[in-house]
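The file start_20.txt comes next; it holds compact mmCIF, C-alpha atoms.
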# COMPACT_ATOMS: atom_id res chain seq x y z
CA MET A 224 100.68 95.02 95.50
CA LEU A 225 100.64 93.33 92.11
CA LEU A 226 102.56 94.64 89.09
CA LEU A 227 102.47 93.40 85.49
CA VAL A 228 105.41 94.26 83.25
CA LEU A 229 103.74 95.05 79.91
CA GLY A 230 106.88 96.07 78.02
CA THR A 231 110.58 96.74 78.53
CA ALA A 232 111.88 98.48 75.38
CA ALA A 233 112.88 102.08 74.75
CA GLY A 234 111.37 104.18 71.96
CA GLY A 235 110.89 102.26 68.72
CA GLY A 236 110.56 98.90 70.45
CA ILE A 237 112.68 95.87 69.66
CA PRO A 238 112.89 95.38 66.76
CA GLN A 239 112.49 98.95 65.56
CA TRP A 240 110.73 99.03 62.20
CA ASN A 241 113.50 100.84 60.30
CA CYS A 242 116.57 99.47 62.09
CA ALA A 243 118.91 96.64 61.10
CA CYS A 244 121.29 96.92 64.06
CA PRO A 245 122.41 93.64 65.68
CA GLY A 246 119.72 93.94 68.35
CA CYS A 247 116.88 94.48 65.90
CA SER A 248 118.17 91.90 63.42
CA GLY A 249 118.56 89.45 66.28
CA ALA A 250 114.98 90.08 67.41
CA ARG A 251 113.71 89.38 63.89
CA ALA A 252 115.66 86.13 63.75
CA HIS A 253 114.83 85.15 67.34
CA PRO A 254 111.30 86.25 68.32
CA HIS A 255 111.98 85.65 72.03
CA TRP A 256 114.31 88.68 71.91
CA ARG A 257 111.39 90.97 71.03
CA ARG A 258 110.30 93.63 73.50
CA ARG A 259 107.32 95.97 73.46
CA HIS A 260 107.59 99.59 74.64
CA ALA A 261 108.20 99.98 78.37
CA SER A 262 105.02 99.96 80.44
CA LEU A 263 103.65 98.64 83.70
CA ALA A 264 100.20 97.79 85.06
CA VAL A 265 99.39 98.06 88.77
CA ARG A 266 96.34 96.50 90.46
CA THR A 267 94.37 98.72 92.84
CA GLY A 268 91.56 96.28 93.56
CA GLU A 269 89.91 93.16 92.28
CA GLY A 270 89.45 93.63 88.55
CA ARG A 271 90.78 97.19 88.61
CA TRP A 272 94.11 98.26 87.08
CA TYR A 273 96.06 101.40 86.13
CA ILE A 274 98.53 101.36 83.25
CA VAL A 275 101.76 103.30 83.66
CA ASN A 276 102.58 104.99 80.34
CA ALA A 277 100.40 104.62 77.26
CA THR A 278 102.70 103.22 74.60
CA PRO A 279 102.06 102.68 70.87
CA ASP A 280 101.74 98.97 71.81
CA ILE A 281 98.99 99.49 74.39
CA GLY A 282 96.31 97.57 72.50
CA ASP A 283 98.51 94.49 72.16
CA GLN A 284 99.80 94.88 75.70
CA ILE A 285 96.25 94.74 77.03
CA GLU A 286 95.45 91.72 74.86
CA ASP A 287 98.60 89.95 76.12
CA ARG A 288 97.28 90.00 79.71
CA PRO A 289 93.99 88.24 80.53
CA GLU A 290 93.79 90.33 83.72
CA LEU A 291 93.26 93.42 81.52
CA HIS A 292 90.65 91.92 79.20
CA PRO A 293 87.15 93.46 79.14
CA GLY A 294 84.05 91.85 80.63
CA PRO A 295 81.67 90.64 81.81
CA GLY A 296 79.79 93.58 80.29
CA PRO A 297 80.32 94.20 76.56
CA ARG A 298 82.28 97.44 77.20
CA GLN A 299 83.28 96.88 80.82
CA THR A 300 87.03 97.22 81.23
CA PRO A 301 89.29 96.68 84.25
CA VAL A 302 91.54 99.52 83.03
CA ALA A 303 90.69 102.38 85.39
CA GLY A 304 93.14 104.93 84.01
CA LEU A 305 96.65 105.88 82.94
CA ILE A 306 99.64 107.24 84.83
CA LEU A 307 102.33 109.08 82.88
CA THR A 308 105.96 109.44 83.95
CA ASP A 309 106.77 111.88 81.13
CA ALA A 310 105.44 113.35 77.88
CA GLU A 311 107.63 111.45 75.40
CA LEU A 312 105.83 110.02 72.38
CA ASP A 313 106.68 106.42 73.23
CA HIS A 314 104.87 106.87 76.55
CA THR A 315 101.84 108.86 75.35
CA LEU A 316 100.85 107.89 71.80
CA GLY A 317 98.73 105.07 73.17
CA ILE A 318 96.32 107.53 74.81
CA ALA A 319 94.62 108.11 71.46
CA ARG A 320 94.45 104.34 70.98
CA LEU A 321 92.03 104.20 73.95
CA ARG A 322 89.55 106.63 72.35
CA GLU A 323 86.79 103.96 72.46
CA ALA A 324 86.64 104.30 76.27
CA GLU A 325 83.44 105.72 77.76
CA GLY A 326 85.73 107.98 79.78
CA LEU A 327 89.47 108.12 80.37
CA GLN A 328 91.38 109.18 83.47
CA VAL A 329 94.97 110.37 83.01
CA ILE A 330 97.30 111.14 85.92
CA ALA A 331 100.32 113.30 85.07
CA THR A 332 102.38 116.25 86.25
CA ALA A 333 101.34 119.73 85.15
CA PRO A 334 104.04 120.19 82.45
CA VAL A 335 103.26 116.79 80.93
CA ARG A 336 99.54 117.58 80.81
CA GLN A 337 100.14 120.96 79.20
CA ALA A 338 102.48 119.51 76.60
CA LEU A 339 99.88 116.96 75.56
CA LEU A 340 97.10 119.56 75.41
CA ASP A 341 98.98 122.55 73.98
CA HIS A 342 101.51 120.89 71.66
CA LEU A 343 99.95 117.56 70.67
CA HIS A 344 96.40 118.98 70.95
CA LEU A 345 95.31 115.70 72.48
CA GLY A 346 92.21 117.27 74.01
CA ASP A 347 91.01 118.48 70.60
CA VAL A 348 91.70 115.06 69.09
CA LEU A 349 89.90 113.04 71.76
CA THR A 350 86.91 115.27 72.53
CA PRO A 351 84.80 113.91 69.62
CA TYR A 352 85.41 110.37 70.88
CA THR A 353 85.52 110.35 74.68
CA SER A 354 85.92 112.53 77.75
CA VAL A 355 89.30 112.77 79.48
CA THR A 356 89.64 113.53 83.18
CA TRP A 357 93.05 114.84 84.21
CA ARG A 358 94.50 114.37 87.69
CA GLU A 359 97.71 115.92 88.93
CA LEU A 360 100.47 113.52 89.92
CA PRO A 361 101.74 114.86 93.25
CA ARG A 362 105.41 115.81 93.50
CA ARG A 363 105.28 116.14 97.28
CA GLY A 364 103.44 113.83 99.61
CA ALA A 365 101.27 111.11 98.11
CA ASP A 366 97.71 110.66 96.88
CA PRO A 367 95.52 107.54 96.91
CA LEU A 368 95.74 106.08 93.42
CA ASP A 369 92.12 105.00 93.35
CA ARG A 370 90.02 107.00 95.75
CA ASP A 371 87.13 104.55 95.59
CA THR A 372 88.68 101.12 96.06
CA SER A 373 92.35 101.22 97.01
CA ALA A 374 94.66 102.48 99.70
CA LEU A 375 97.56 102.31 97.25
CA GLN A 376 99.34 105.68 97.17
CA ILE A 377 101.29 107.33 94.36
CA SER A 378 103.76 110.16 94.10
CA GLY A 379 106.13 111.47 91.43
CA ILE A 380 109.79 112.18 92.12
CA PRO A 381 111.29 114.65 89.59
CA VAL A 382 114.35 113.16 87.89
CA SER A 383 114.73 115.31 84.78
CA GLY A 384 113.76 118.63 83.24
CA LYS A 385 114.14 117.19 79.74
CA ARG A 386 111.27 118.25 77.48
CA PRO A 387 110.17 116.13 74.52
CA ARG A 388 111.30 117.49 71.15
CA TYR A 389 107.78 118.51 70.14
CA ALA A 390 107.59 120.75 73.24
CA ALA A 391 111.09 122.23 73.07
CA ASP A 392 109.72 125.76 73.60
CA ALA A 393 107.69 124.83 76.70
CA PRO A 394 108.63 126.36 80.08
CA ASP A 395 111.36 124.87 82.23
CA ASP A 396 110.17 122.53 84.96
CA ASP A 397 111.95 119.88 87.01
CA ALA A 398 109.00 117.48 86.68
CA TRP A 399 109.04 116.85 82.94
CA VAL A 400 110.23 113.35 83.85
CA VAL A 401 109.41 111.67 87.15
CA ALA A 402 110.01 108.39 88.89
CA LEU A 403 106.77 106.85 90.13
CA ARG A 404 106.60 105.69 93.75
CA LEU A 405 103.84 103.24 94.64
CA TYR A 406 103.15 102.56 98.32
CA ASP A 407 100.65 100.24 100.01
CA PRO A 408 100.08 101.46 103.60
CA ALA A 409 98.20 98.25 104.44
CA SER A 410 101.20 96.00 103.82
CA GLY A 411 104.01 98.56 103.91
CA ALA A 412 105.20 97.40 100.48
CA SER A 413 106.56 99.97 98.04
CA ALA A 414 107.82 99.99 94.47
CA LEU A 415 109.77 102.54 92.44
CA TYR A 416 109.38 102.75 88.67
CA ALA A 417 111.65 105.06 86.66
CA PRO A 418 111.93 104.14 82.95
CA ALA A 419 113.87 107.35 82.24
CA LEU A 420 116.56 108.79 84.54
CA ALA A 421 118.77 111.79 83.84
CA ALA A 422 119.83 112.20 87.47
CA TRP A 423 119.75 110.40 90.81
CA PRO A 424 118.57 113.03 93.31
CA ASP A 425 118.44 112.55 97.07
CA ARG A 426 114.67 111.96 97.04
CA LEU A 427 115.09 109.15 94.55
CA GLN A 428 117.84 107.60 96.65
CA GLN A 429 115.61 107.72 99.74
CA ALA A 430 112.68 106.16 97.87
CA ALA A 431 114.95 103.46 96.43
CA ALA A 432 116.39 102.68 99.86
CA GLU A 433 112.87 102.24 101.26
CA ALA A 434 111.47 100.26 98.33
CA ASP A 435 110.89 96.53 98.06
CA CYS A 436 111.22 96.63 94.27
CA VAL A 437 113.09 99.13 92.06
CA ILE A 438 112.60 99.11 88.27
CA VAL A 439 114.75 101.70 86.52
CA ASP A 440 116.12 103.04 83.26
CA GLY A 441 118.40 100.59 81.47
CA THR A 442 118.33 102.35 78.10
CA PHE A 443 122.08 102.25 77.49
CA TRP A 444 124.78 99.97 78.85
CA ASP A 445 127.45 102.68 78.96
CA ASP A 446 127.69 106.40 78.33
CA GLU A 447 129.37 106.12 74.91
CA GLU A 448 126.91 103.60 73.47
CA PRO A 449 124.89 106.12 71.40
CA ARG A 450 128.07 107.52 69.82
CA ARG A 451 129.70 104.12 69.36
CA THR A 452 126.68 102.64 67.60
CA GLY A 453 126.10 105.76 65.49
CA ILE A 454 122.57 106.53 66.65
CA SER A 455 123.44 109.93 68.13
CA PRO A 456 126.36 112.35 68.49
CA ARG A 457 125.41 112.67 72.16
CA THR A 458 126.29 110.45 75.09
CA ALA A 459 123.72 108.49 77.07
CA THR A 460 123.63 111.16 79.78
CA GLY A 461 123.40 113.82 77.09
CA MET A 462 120.28 112.07 75.83
CA GLY A 463 118.75 112.09 79.33
CA HIS A 464 119.57 108.54 80.42
CA LEU A 465 122.02 107.49 83.11
CA PRO A 466 123.98 104.50 81.80
CA ILE A 467 124.11 101.15 83.55
CA GLU A 468 127.89 100.86 83.77
CA GLY A 469 130.62 103.44 84.25
CA PRO A 470 131.39 106.44 86.51
CA ASN A 471 127.79 107.73 86.36
CA GLY A 472 126.29 104.25 86.08
CA THR A 473 123.33 103.04 88.07
CA ALA A 474 124.44 99.41 88.57
CA GLU A 475 126.60 100.23 91.61
CA ARG A 476 123.75 102.21 93.16
CA LEU A 477 121.31 99.35 92.65
CA ALA A 478 123.74 96.75 93.95
CA ALA A 479 123.87 98.59 97.28
CA LEU A 480 120.09 98.40 97.78
CA SER A 481 118.21 95.70 99.67
CA ALA A 482 115.30 95.86 97.18
CA ARG A 483 114.74 93.58 94.22
CA CYS A 484 116.25 95.61 91.37
CA LEU A 485 115.48 95.34 87.66
CA TYR A 486 116.29 97.24 84.49
CA THR A 487 113.72 98.22 81.88
CA HIS A 488 113.46 100.57 78.84
CA LEU A 489 116.27 98.86 76.90
CA ASN A 490 117.37 100.52 73.67
CA ASN A 491 117.85 98.30 70.63
CA THR A 492 121.61 99.03 70.76
CA ASN A 493 121.93 97.74 74.33
CA PRO A 494 123.82 94.42 74.47
CA LEU A 495 121.29 93.21 77.07
CA VAL A 496 118.81 92.75 74.19
CA ASP A 497 120.67 89.48 73.53
CA PRO A 498 119.69 87.02 76.31
CA ALA A 499 123.10 85.35 75.95
CA ALA A 500 125.16 88.54 76.26
CA PRO A 501 127.81 88.35 79.02
CA GLN A 502 126.48 91.60 80.51
CA HIS A 503 123.58 89.60 81.98
CA LYS A 504 126.01 87.57 84.10
CA ARG A 505 127.78 90.74 85.23
CA LEU A 506 124.49 92.15 86.49
CA ALA A 507 123.50 88.83 88.06
CA ARG A 508 126.69 88.87 90.13
CA LEU A 509 125.51 92.23 91.50
CA GLY A 510 122.07 90.79 92.26
CA ILE A 511 120.39 92.84 89.50
CA GLU A 512 117.87 91.51 86.98
CA VAL A 513 116.70 92.59 83.54
CA ALA A 514 112.92 92.78 83.42
CA HIS A 515 111.14 90.94 80.62
CA ASP A 516 107.77 91.41 78.98
CA GLY A 517 105.07 89.49 80.80
CA MET A 518 106.82 89.43 84.16
CA VAL A 519 104.53 89.42 87.23
CA ILE A 520 105.82 91.02 90.43
CA GLU A 521 103.93 90.53 93.69
CA LEU A 522 104.92 92.55 96.76

Represent the structure contained in this file as structure tokens.
Amino acid sequence: MLLLVLGTAAGGGIPQWNCACPGCSGARAHPHWRRRHASLAVRTGEGRWYIVNATPDIGDQIEDRPELHPGPGPRQTPVAGLILTDAELDHTLGIARLREAEGLQVIATAPVRQALLDHLHLGDVLTPYTSVTWRELPRRGADPLDRDTSALQISGIPVSGKRPRYAADAPDDDAWVVALRLYDPASGASALYAPALAAWPDRLQQAAAEADCVIVDGTFWDDEEPRRTGISPRTATGMGHLPIEGPNGTAERLAALSARCLYTHLNNTNPLVDPAAPQHKRLARLGIEVAHDGMVIEL
């Protein structure tokens, strides 16, 4: 199993266009701090890839990776489709950016698909440009990711019922946000990708315990960070993100795992944006990494 980390930032990216917080100002002064929106690419066969979450940066993220470049035909692309973990704008706006595709396959849970079709009217927008094939991301069991060329299996583990703001009136469902489990039955390798986590249910714990690599939500360092930095009157958990440190933090959970563990989806207020921040050493002592854009993970 081969994974490409295409981005590691939360909504707005780092730097965010209208933000002068220390993280964003630091990223402007030090370009190596910059992070594109959180995304992942997974290889299902030679020259065949799926992109997890279609961010506003998707065009640049594809250009950053030679493995995702088109060819040898003039419109032949190795991008076979998209997998969505949720319906948030920072994970879906890039779908429209791929309108030049001859056809587009999108894998998502039912509530995510309906939000994009009924609230964002994505089907109406894309129909004049390309055809979109929707596949359901299974919540139970697992499906082959690419039925033609790969034994790699996928499944979604519900981790939050949080709806995006534009779909606030949509029906309740526990699969608005899922963690993505990738499993290769040929090698036995598995990976867990969860860029947004509002809870840590038993199924997630089981998948994490069985995984070789776990990449999870590192949006906020602690629960009070949004309030302390003035970006929200809510806590991190109130915004749908388990913090890294503290009573409800994920660091202790990750430290207990045998898997390689990494954080992604960093908010611009997170001290981890600064490569020299002491929080990096605290995580390193627990055996936990912070993912960076361009990272290649082979399992």

(request) For atom CA of Tyr486 of chain A and atom CA of Leu506 of chain A, determine how far apart the two atoms are, in Å to one decimal place. (result) 9.9 Å

(request) Please write as number ranges by chain the list of polymer residues whose atoms come within 7 Å of (102.8, 106.2, 81.3), counting all atoms listed in the file and keeping to the coordinates of the file. (result) A: 262, 274-277, 305-309, 314-315

(message) Within 9 Å of (94.9, 90.9, 92.6) (file coordinates; all atoms listed in the file), which protein or nucleic acid residues are there? I'd like them as a PyMOL selection string.
(response) chain A and resi 224-225+266-271+290

(request) Just give me the gap between atom CA of Pro387 of chain A and atom CA of Ala310 of chain A in Å, one decimal is fine. (result) 6.4 Å

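Across the model, the gap from atom CA of Gly230 of chain A to atom CA of Arg288 of chain A is 11.5 Å.
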
(request) Fewer than 6 positions away in the same chain doesn't count, so skip those; otherwise give me all residues within 10 Å of segment 392-409 of chain A, counting all atoms listed in the file, as number ranges by chain. (result) A: 224, 265, 267, 275, 306-311, 331-338, 341-342, 360-362, 365-368, 373-386, 415-421, 427, 430-431, 434-440, 463, 522

(message) From the options A:Ile454, A:Ile285, A:Val329, A:Ala414, which residue's atoms come nearest to Cys242 of chain A, counting only C-alpha atoms?
(response) A:Ile454
